[in-house]
$ cat entry_29.txt   # compact mmCIF, C-alpha atoms
# COMPACT_ATOMS: atom_id res chain seq x y z
CA MET H 19 0.34 -21.89 -90.53
CA ALA H 20 -1.55 -23.01 -87.48
CA THR H 21 1.38 -25.14 -86.38
CA ALA H 22 3.83 -22.29 -86.88
CA THR H 23 1.66 -19.88 -84.95
CA THR H 24 1.45 -22.26 -82.03
CA ALA H 25 5.20 -22.68 -82.04
CA ASP H 26 5.73 -18.92 -82.06
CA PHE H 27 3.61 -18.37 -78.97
CA ALA H 28 4.63 -21.47 -77.03
CA PRO H 29 7.81 -20.06 -75.43
CA LYS H 30 5.92 -17.17 -73.78
CA SER H 31 3.92 -19.28 -71.32
CA PRO H 32 6.58 -20.76 -68.91
CA PRO H 33 7.45 -17.56 -66.91
CA ALA H 34 4.15 -17.62 -64.97
CA PRO H 35 5.21 -20.32 -62.43
CA SER H 36 8.47 -18.46 -61.84
CA LEU H 37 6.65 -15.25 -60.98
CA LYS H 38 4.38 -17.14 -58.61
CA VAL H 39 7.39 -18.67 -56.81
CA LYS H 40 9.10 -15.28 -56.46
CA SER H 41 5.92 -13.68 -55.12
CA LYS H 42 5.53 -16.46 -52.57
CA GLU H 43 9.16 -16.09 -51.46
CA ALA H 44 8.73 -12.34 -51.06
CA LEU H 45 5.58 -12.85 -49.00
CA MET H 46 7.24 -15.42 -46.74
CA ASP H 47 10.26 -13.14 -46.28
CA ALA H 48 7.93 -10.33 -45.20
CA ILE H 49 6.10 -12.63 -42.77
CA GLU H 50 9.42 -13.75 -41.32
CA ASP H 51 10.45 -10.11 -40.86
CA VAL H 52 7.28 -9.42 -38.88
CA ILE H 53 7.38 -12.56 -36.70
CA TYR H 54 11.12 -12.67 -36.01
CA GLY H 55 11.31 -8.90 -35.58
CA SER H 56 8.55 -9.09 -32.96
CA ILE H 57 10.38 -11.83 -31.03
CA ALA H 58 13.69 -9.93 -31.14
CA GLY H 59 12.03 -6.67 -30.10
CA VAL H 60 10.33 -8.21 -27.06
CA ALA H 61 13.60 -9.85 -25.94
CA GLY H 62 15.46 -6.55 -26.21
CA LYS H 63 12.74 -4.60 -24.38
CA TYR H 64 13.03 -6.71 -21.21
CA ILE H 65 16.69 -5.74 -20.99
CA GLU H 66 16.34 -2.03 -21.67
CA TYR H 67 13.05 -1.10 -20.01
CA PRO H 68 14.35 -0.21 -16.49
CA PHE H 69 16.92 2.09 -18.11
CA ASP H 70 14.21 3.59 -20.30
CA THR H 71 12.10 4.40 -17.22
CA VAL H 72 15.03 6.25 -15.67
CA LYS H 73 15.71 8.08 -18.94
CA VAL H 74 12.12 9.33 -19.26
CA ARG H 75 12.07 10.49 -15.63
CA LEU H 76 15.30 12.41 -16.15
CA GLN H 77 14.06 13.97 -19.39
CA SER H 78 10.67 15.04 -18.05
CA GLN H 79 11.83 17.00 -14.99
CA PRO H 80 10.16 20.43 -15.05
CA ASP H 81 12.16 23.60 -15.60
CA VAL H 82 10.37 25.68 -12.96
CA LEU H 83 11.33 23.44 -10.02
CA PRO H 84 14.69 22.23 -8.66
CA LEU H 85 15.76 19.03 -10.38
CA ARG H 86 14.54 16.00 -8.43
CA TYR H 87 17.32 13.72 -9.69
CA THR H 88 20.98 14.63 -9.87
CA GLY H 89 21.72 11.90 -12.42
CA PRO H 90 20.92 8.36 -13.55
CA LEU H 91 22.27 6.61 -10.44
CA ASP H 92 20.36 8.96 -8.14
CA CYS H 93 17.20 8.33 -10.18
CA PHE H 94 17.74 4.58 -9.88
CA ARG H 95 18.17 4.85 -6.09
CA GLN H 96 15.11 7.04 -5.57
CA SER H 97 12.96 4.93 -7.88
CA ILE H 98 13.89 1.64 -6.18
CA ARG H 99 13.45 3.22 -2.72
CA SER H 100 9.95 4.47 -3.49
CA ASP H 101 8.58 1.76 -5.81
CA GLY H 102 10.92 -1.20 -5.49
CA PHE H 103 12.81 -2.77 -8.38
CA LEU H 104 9.63 -3.89 -10.11
CA GLY H 105 8.56 -0.25 -10.18
CA LEU H 106 11.18 0.25 -12.90
CA TYR H 107 9.06 -2.09 -15.05
CA ARG H 108 5.93 -0.01 -14.50
CA GLY H 109 3.88 0.18 -17.67
CA ILE H 110 5.89 -2.43 -19.56
CA SER H 111 2.82 -4.05 -21.14
CA ALA H 112 2.33 -1.26 -23.70
CA PRO H 113 6.07 -1.04 -24.53
CA LEU H 114 6.22 -4.81 -25.10
CA VAL H 115 3.52 -4.45 -27.71
CA GLY H 116 5.35 -1.37 -28.98
CA ALA H 117 8.68 -3.22 -29.13
CA ALA H 118 7.11 -6.01 -31.17
CA LEU H 119 5.46 -3.49 -33.50
CA GLU H 120 8.56 -1.28 -33.74
CA THR H 121 11.17 -3.93 -34.44
CA SER H 122 9.01 -5.94 -36.84
CA SER H 123 8.04 -2.70 -38.58
CA LEU H 124 11.67 -1.63 -38.88
CA PHE H 125 12.78 -4.84 -40.56
CA PHE H 126 9.64 -5.00 -42.72
CA TRP H 127 9.90 -1.43 -44.01
CA GLU H 128 13.65 -1.78 -44.51
CA ARG H 129 12.88 -4.65 -46.86
CA VAL H 130 10.24 -2.51 -48.58
CA GLY H 131 12.83 0.26 -48.95
CA ARG H 132 15.21 -2.13 -50.69
CA GLU H 133 12.43 -3.33 -52.98
CA LEU H 134 11.74 0.30 -53.93
CA LEU H 135 15.39 0.77 -54.91
CA PHE H 136 15.32 -2.41 -56.99
CA THR H 137 11.99 -1.53 -58.64
CA ALA H 138 13.33 1.92 -59.57
CA ASN H 139 16.30 0.16 -61.24
CA LEU H 140 18.74 2.08 -59.07
CA TYR H 141 20.45 -1.17 -58.06
CA SER H 142 20.56 -4.73 -59.32
CA ARG H 143 19.04 -7.58 -57.33
CA GLN H 144 22.01 -9.72 -58.31
CA GLN H 145 24.51 -7.50 -56.48
CA PRO H 146 24.80 -6.61 -52.78
CA LEU H 147 23.56 -3.12 -51.96
CA PRO H 148 26.26 -0.54 -51.11
CA LEU H 149 26.38 0.91 -47.61
CA SER H 150 24.97 4.25 -48.78
CA ALA H 151 21.82 2.45 -49.96
CA LEU H 152 21.46 0.66 -46.63
CA TRP H 153 21.60 3.97 -44.77
CA LEU H 154 18.84 5.20 -47.10
CA THR H 155 16.62 2.14 -46.61
CA GLY H 156 17.11 2.53 -42.86
CA ALA H 157 15.82 6.11 -43.06
CA ILE H 158 12.78 4.96 -45.08
CA SER H 159 12.12 2.28 -42.48
CA GLY H 160 12.31 4.75 -39.61
CA ALA H 161 9.97 7.26 -41.27
CA PHE H 162 7.18 4.71 -41.68
CA THR H 163 7.78 3.15 -38.25
CA SER H 164 7.42 6.52 -36.50
CA LEU H 165 3.71 6.51 -37.38
CA VAL H 166 3.27 3.25 -35.48
CA LEU H 167 5.55 4.19 -32.60
CA THR H 168 4.30 7.63 -31.52
CA PRO H 169 0.99 6.46 -29.96
CA VAL H 170 2.70 3.59 -28.14
CA GLU H 171 5.41 5.85 -26.72
CA LEU H 172 2.88 8.47 -25.67
CA VAL H 173 1.03 5.89 -23.53
CA LYS H 174 4.34 4.57 -22.18
CA CYS H 175 5.61 8.02 -21.17
CA LYS H 176 2.39 8.93 -19.36
CA ILE H 177 2.60 5.69 -17.36
CA GLN H 178 6.29 6.10 -16.53
CA VAL H 179 5.86 9.72 -15.43
CA PRO H 180 2.27 10.01 -14.12
CA ALA H 181 0.95 13.55 -13.67
CA SER H 182 0.26 14.61 -10.07
CA ALA H 183 -0.42 17.74 -8.10
CA PRO H 184 2.47 19.20 -6.04
CA GLY H 185 2.81 17.46 -2.68
CA THR H 186 0.82 14.38 -3.69
CA VAL H 187 2.01 10.88 -4.48
CA ALA H 188 1.70 10.01 -8.15
CA VAL H 189 -0.31 6.88 -8.91
CA ALA H 190 0.66 5.10 -12.10
CA PRO H 191 -2.35 4.70 -14.40
CA ARG H 192 -3.04 1.58 -16.41
CA PRO H 193 -2.62 1.61 -20.21
CA LEU H 194 -6.36 1.48 -20.94
CA ALA H 195 -6.97 4.36 -18.53
CA VAL H 196 -4.35 6.46 -20.33
CA ILE H 197 -5.84 5.62 -23.72
CA ARG H 198 -9.33 6.62 -22.57
CA ASP H 199 -8.03 9.84 -21.00
CA VAL H 200 -6.15 10.91 -24.12
CA PHE H 201 -9.06 10.12 -26.43
CA ARG H 202 -11.56 11.93 -24.16
CA HIS H 203 -9.58 15.16 -23.97
CA GLN H 204 -7.64 15.27 -27.24
CA GLY H 205 -9.39 12.88 -29.60
CA LEU H 206 -7.67 10.49 -32.00
CA ARG H 207 -5.18 13.15 -33.03
CA GLY H 208 -3.88 13.35 -29.47
CA PHE H 209 -2.19 9.98 -29.77
CA TRP H 210 0.23 11.47 -32.32
CA HIS H 211 1.26 14.36 -30.07
CA GLY H 212 5.05 14.52 -30.42
CA GLN H 213 5.04 12.88 -33.87
CA LEU H 214 7.62 15.31 -35.28
CA GLY H 215 10.11 14.33 -32.59
CA THR H 216 9.54 10.64 -33.26
CA LEU H 217 9.86 11.20 -37.02
CA ILE H 218 13.20 13.00 -36.66
CA ARG H 219 14.55 10.46 -34.19
CA GLU H 220 13.42 7.40 -36.15
CA THR H 221 14.34 8.62 -39.65
CA GLY H 222 17.85 9.66 -38.70
CA GLY H 223 18.29 7.09 -35.96
CA CYS H 224 17.23 4.11 -38.06
CA ALA H 225 19.48 5.21 -40.90
CA ALA H 226 22.29 5.03 -38.36
CA TRP H 227 20.91 1.79 -36.84
CA PHE H 228 20.94 -0.24 -40.05
CA GLY H 229 23.86 1.66 -41.57
CA SER H 230 26.18 1.30 -38.56
CA LYS H 231 25.37 -2.36 -38.15
CA GLU H 232 26.20 -3.10 -41.77
CA THR H 233 29.27 -0.86 -41.77
CA VAL H 234 30.78 -2.65 -38.76
CA SER H 235 29.72 -6.05 -40.14
CA GLN H 236 31.46 -5.27 -43.41
CA LEU H 237 34.64 -4.25 -41.59
CA PHE H 238 34.58 -7.51 -39.61
CA ARG H 239 34.01 -9.60 -42.75
CA HIS H 240 36.92 -8.05 -44.59
CA TRP H 241 39.12 -8.37 -41.52
CA ASN H 242 38.14 -12.04 -41.16
CA SER H 243 38.75 -12.74 -44.84
CA ARG H 244 42.29 -11.37 -44.60
CA SER H 245 43.17 -13.09 -41.33
CA THR H 246 41.59 -16.55 -41.84
CA PRO H 247 40.80 -18.64 -44.93
CA LEU H 248 37.09 -19.24 -45.54
CA SER H 249 37.42 -23.00 -45.01
CA LEU H 250 38.90 -22.50 -41.54
CA GLN H 251 36.40 -19.98 -40.22
CA SER H 252 34.19 -22.49 -38.39
CA SER H 253 34.33 -22.40 -34.59
CA PRO H 254 32.01 -22.80 -31.58
CA PHE H 255 31.31 -19.07 -31.88
CA THR H 256 30.51 -19.15 -35.60
CA SER H 257 27.17 -19.82 -37.25
CA THR H 258 26.74 -23.57 -37.84
CA SER H 259 25.18 -23.07 -41.26
CA THR H 260 27.26 -24.74 -43.95
CA SER H 261 25.84 -22.67 -46.78
CA ILE H 262 25.87 -18.92 -47.05
CA PRO H 263 22.42 -17.47 -47.76
CA SER H 264 21.82 -15.33 -50.80
CA PRO H 265 22.52 -11.70 -49.86
CA GLN H 266 19.08 -10.47 -50.93
CA ASN H 267 17.37 -12.99 -48.58
CA LEU H 268 19.09 -11.58 -45.50
CA PRO H 269 17.52 -8.86 -43.32
CA THR H 270 20.20 -6.51 -44.56
CA THR H 271 22.50 -7.07 -47.48
CA GLN H 272 25.94 -8.52 -46.78
CA SER H 273 29.00 -6.83 -48.21
CA SER H 274 29.99 -9.90 -50.21
CA PRO H 275 28.16 -13.19 -50.74
CA ASP H 276 31.37 -15.27 -50.69
CA LEU H 277 32.43 -14.28 -47.17
CA ALA H 278 31.69 -16.51 -44.17
CA PRO H 279 29.04 -15.60 -41.58
CA LEU H 280 30.31 -13.54 -38.66
CA PRO H 281 31.13 -15.17 -35.32
CA LEU H 282 28.50 -14.53 -32.65
CA TYR H 283 30.56 -11.98 -30.73
CA GLN H 284 31.14 -9.93 -33.89
CA GLN H 285 27.42 -9.99 -34.66
CA ALA H 286 26.79 -8.70 -31.15
CA LEU H 287 29.39 -5.94 -31.48
CA ALA H 288 27.90 -4.83 -34.80
CA GLY H 289 24.45 -4.73 -33.22
CA ALA H 290 25.76 -2.83 -30.20
CA SER H 291 27.33 -0.19 -32.45
CA ALA H 292 23.96 0.21 -34.18
CA GLY H 293 22.20 0.85 -30.88
CA MET H 294 24.73 3.44 -29.75
CA SER H 295 24.56 5.32 -33.06
CA TYR H 296 20.77 5.29 -33.08
CA ASN H 297 20.40 6.67 -29.56
CA PHE H 298 23.19 9.25 -29.48
CA LEU H 299 22.90 11.05 -32.81
CA PHE H 300 19.27 12.21 -32.51
CA PHE H 301 18.79 12.15 -28.74
CA PRO H 302 17.66 15.82 -28.47
CA ALA H 303 14.58 15.03 -30.57
CA ASP H 304 13.70 12.25 -28.12
CA THR H 305 14.13 14.58 -25.14
CA ILE H 306 11.75 17.14 -26.63
CA LYS H 307 9.24 14.42 -27.51
CA SER H 308 9.28 12.98 -23.98
CA ARG H 309 8.68 16.42 -22.48
CA MET H 310 5.70 16.94 -24.78
CA GLN H 311 4.19 13.52 -24.14
CA THR H 312 4.37 13.62 -20.33
CA VAL H 313 2.08 16.65 -20.07
CA ALA H 314 -1.28 15.66 -18.56
CA ALA H 315 -3.91 14.94 -21.20
CA ASN H 316 -6.47 17.07 -19.33
CA SER H 317 -4.16 20.08 -19.06
CA THR H 318 -5.88 23.34 -19.98
CA ALA H 319 -2.63 24.94 -21.12
CA PRO H 320 -2.18 25.18 -24.90
CA GLN H 321 -0.05 22.43 -26.39
CA VAL H 322 3.54 23.48 -26.91
CA ARG H 323 4.98 22.95 -30.38
CA PHE H 324 8.08 20.86 -30.96
CA TRP H 325 10.45 23.72 -31.78
CA ASP H 326 9.10 25.90 -28.95
CA GLU H 327 9.70 23.10 -26.46
CA GLY H 328 13.22 22.66 -27.80
CA ARG H 329 13.97 26.38 -27.43
CA ALA H 330 12.64 26.34 -23.86
CA ILE H 331 14.99 23.50 -22.89
CA TRP H 332 17.90 25.22 -24.63
CA ARG H 333 17.31 28.52 -22.81
CA ALA H 334 17.04 26.80 -19.43
CA TYR H 335 19.82 24.21 -19.63
CA GLY H 336 21.63 24.54 -22.95
CA VAL H 337 22.84 21.53 -24.88
CA ARG H 338 23.24 19.60 -21.63
CA GLY H 339 19.49 19.72 -21.11
CA LEU H 340 18.83 18.28 -24.55
CA TYR H 341 21.10 15.33 -23.76
CA ARG H 342 19.76 14.71 -20.25
CA GLY H 343 19.63 10.94 -19.75
CA CYS H 344 21.68 10.25 -22.88
CA GLY H 345 24.43 8.33 -21.10
CA ILE H 346 22.13 5.73 -19.60
CA THR H 347 20.20 5.47 -22.88
CA VAL H 348 23.32 4.71 -24.91
CA ALA H 349 24.48 2.24 -22.22
CA ARG H 350 21.19 0.35 -22.25
CA SER H 351 21.22 0.17 -26.05
CA VAL H 352 24.45 -1.85 -26.12
CA PRO H 353 23.07 -5.18 -24.81
CA SER H 354 19.56 -4.53 -26.13
CA SER H 355 20.47 -3.80 -29.75
CA ALA H 356 23.10 -6.53 -29.78
CA LEU H 357 20.49 -9.06 -28.64
CA ILE H 358 17.91 -7.82 -31.17
CA PHE H 359 20.21 -8.31 -34.15
CA VAL H 360 21.65 -11.62 -32.91
CA VAL H 361 18.17 -13.07 -32.31
CA PHE H 362 16.76 -11.74 -35.58
CA ASP H 363 19.70 -12.86 -37.73
CA ALA H 364 19.72 -16.29 -36.05
CA LEU H 365 16.01 -16.80 -36.70
CA LYS H 366 16.23 -15.55 -40.29
CA GLY H 367 19.26 -17.70 -41.00
CA GLY H 368 18.14 -20.93 -39.34
CA LEU H 369 14.35 -21.01 -39.25
CA HIS H 370 12.74 -20.50 -42.65
CA LEU H 371 8.94 -20.60 -42.83
CA SER H 372 8.85 -21.33 -46.57
$ encode --input "entry_29.txt" --output "structure tokens"
Amino acid sequence: MATATTADFAPKSPPAPSLKVKSKEALMDAIEDVIYGSIAGVAGKYIEYPFDTVKVRLQSQPDVLPLRYTGPLDCFRQSIRSDGFLGLYRGISAPLVGAALETSSLFFWERVGRELLFTANLYSRQQPLPLSALWLTGAISGAFTSLVLTPVELVKCKIQVPASAPGTVAVAPRPLAVIRDVFRHQGLRGFWHGQLGTLIRETGGCAAWFGSKETVSQLFRHWNSRSTPLSLQSSPFTSTSTSIPSPQNLPTTQSSPDLAPLPLYQQALAGASAGMSYNFLFFPADTIKSRMQTVAANSTAPQVRFWDEGRAIWRAYGVRGLYRGCGITVARSVPSSALIFVVFDALKGGLHLS
């Protein structure tokens, strides 16, 4: 009986090492998301930051005075004339930290979103996720990332558009000075002023960011599979990896595990489409947020609510006011988002920490 009992229970012990291996792989994937996302975010920020400075200055022009800038090019000219080209990089230290936090957070929480779908048994881990699920995981990622991003963007906006009295020259404050000023006058809660605008922009925008990238990537993969056999799809512009990674180990799930990796230019185009979708679709929320966050921290006027600020812009300028600076923002997102996805996918595909 003792021998039989031992035999009955023996088969139940082996799964433990397997669980440990899977847990380790999941942890290393999460660490890779954070590290590689940070690197990609910093690289993209250096490209887009001058355009972001111009965008914030266009968005934050007051309603009660004549507009200082007639458009993006005029804002560029005036900014370079008064501060030089390096003035367009004013306050970049905080956004670099923010870019690392934002991009790493986006990829990390997108992975968490997929794990939630798998854990809820909505989808199988053995099959690629459909596009609708990737749009959903993008929205989940953006919602969580907005909590990290709002304080960073508040500091950035106050540096890019320093408050000054009429007729005086504005002096750009340093990040630590802005942080102290906000905390002194508004407390810890003041750093999340404009959170609703960031939440709307990030939730909808990140759904479009991940969703558009995967939608375009899927179109390219199917087009490539019809036009060229898999064995002939290697070229100087194609990933040099000879094996195709498992779909669930990629930053976002591929449409089919038996299709070749995309050439570099197609990866860049897919990333560029993601950036344009992200910035255009929910730009009004960003405009309202920027207006709210550029108000002086020591202002005695009551804080304006998100919807009240939006109505004020609408009454003064209509829909055009809500999209002020949108053109330059979408333009800057093309090279920036393309670079972010190319760098991240290259690091995830060719440099494994495990």
$ residues_around --input "entry_29.txt" --residues "Thr121 (chain H)" --least-positions-apart "4" --cutoff "9 Å" --atoms "all atoms listed in the file" --output "list of chain:residue names"
H:Asp51, H:Val52, H:Tyr54, H:Gly55, H:Ser56, H:Ile57, H:Ala58, H:Gly59, H:Val60, H:Gly116, H:Ala117, H:Phe125, H:Phe126, H:Thr163, H:Ile358
$ residues_around --input "entry_29.txt" --residues "Leu167 (chain H)" --least-positions-apart "2" --cutoff "8 Å" --atoms "all atoms listed in the file" --output "ChimeraX atom specification"
/H:116,119-120,163-165,169-171,216
$ closest_residue --input "entry_29.txt" --among "H:Phe300, H:Gly160, H:Arg333, H:Leu287" --to "Ser122 (chain H)" --atoms "only C-alpha atoms"
H:Gly160
$ residues_around --input "entry_29.txt" --residues "region 84-98 of chain H" --least-positions-apart "4" --cutoff "12 Å" --atoms "only C-alpha atoms" --output "ChimeraX atom specification"
/H:68-80,102-108,178-179,334-335,339,341-347,349-350
$ residues_around --input "entry_29.txt" --residues "Ser354 (chain H)" --least-positions-apart "3" --cutoff "9 Å" --atoms "only C-alpha atoms" --output "PDB file with C-alpha atoms, in the coordinates of the input"
ATOM      1  CA  GLY H  59      12.030  -6.670 -30.100  1.00  0.00           C
ATOM      2  CA  ALA H  61      13.600  -9.850 -25.940  1.00  0.00           C
ATOM      3  CA  GLY H  62      15.460  -6.550 -26.210  1.00  0.00           C
ATOM      4  CA  LYS H  63      12.740  -4.600 -24.380  1.00  0.00           C
ATOM      5  CA  TYR H  64      13.030  -6.710 -21.210  1.00  0.00           C
ATOM      6  CA  ILE H  65      16.690  -5.740 -20.990  1.00  0.00           C
ATOM      7  CA  GLU H  66      16.340  -2.030 -21.670  1.00  0.00           C
ATOM      8  CA  GLY H 289      24.450  -4.730 -33.220  1.00  0.00           C
ATOM      9  CA  ALA H 290      25.760  -2.830 -30.200  1.00  0.00           C
ATOM     10  CA  GLY H 293      22.200   0.850 -30.880  1.00  0.00           C
ATOM     11  CA  ARG H 350      21.190   0.350 -22.250  1.00  0.00           C
ATOM     12  CA  SER H 351      21.220   0.170 -26.050  1.00  0.00           C
ATOM     13  CA  LEU H 357      20.490  -9.060 -28.640  1.00  0.00           C
ATOM     14  CA  ILE H 358      17.910  -7.820 -31.170  1.00  0.00           C
ATOM     15  CA  PHE H 359      20.210  -8.310 -34.150  1.00  0.00           C
TER      16      PHE H 359
END
$ atom_distance --input "entry_29.txt" --atom1 "CA of Val352 (chain H)" --atom2 "CA of Lys231 (chain H)"
12.1 Å
$ atom_distance --input "entry_29.txt" --atom1 "CA of Arg244 (chain H)" --atom2 "CA of Leu149 (chain H)"
20.3 Å
$ residues_around --input "entry_29.txt" --residues "Ala161 (chain H)" --least-positions-apart "6" --cutoff "7 Å" --atoms "only C-alpha atoms" --output "PyMOL selection string"
chain H and resi 217+220-221
$ closest_residue --input "entry_29.txt" --among "H:Leu140, H:Lys176, H:Pro302, H:Met310" --to "Gly336 (chain H)" --atoms "only C-alpha atoms"
H:Pro302
$ atom_distance --input "entry_29.txt" --atom1 "CA of Leu147 (chain H)" --atom2 "CA of Leu124 (chain H)"
17.7 Å
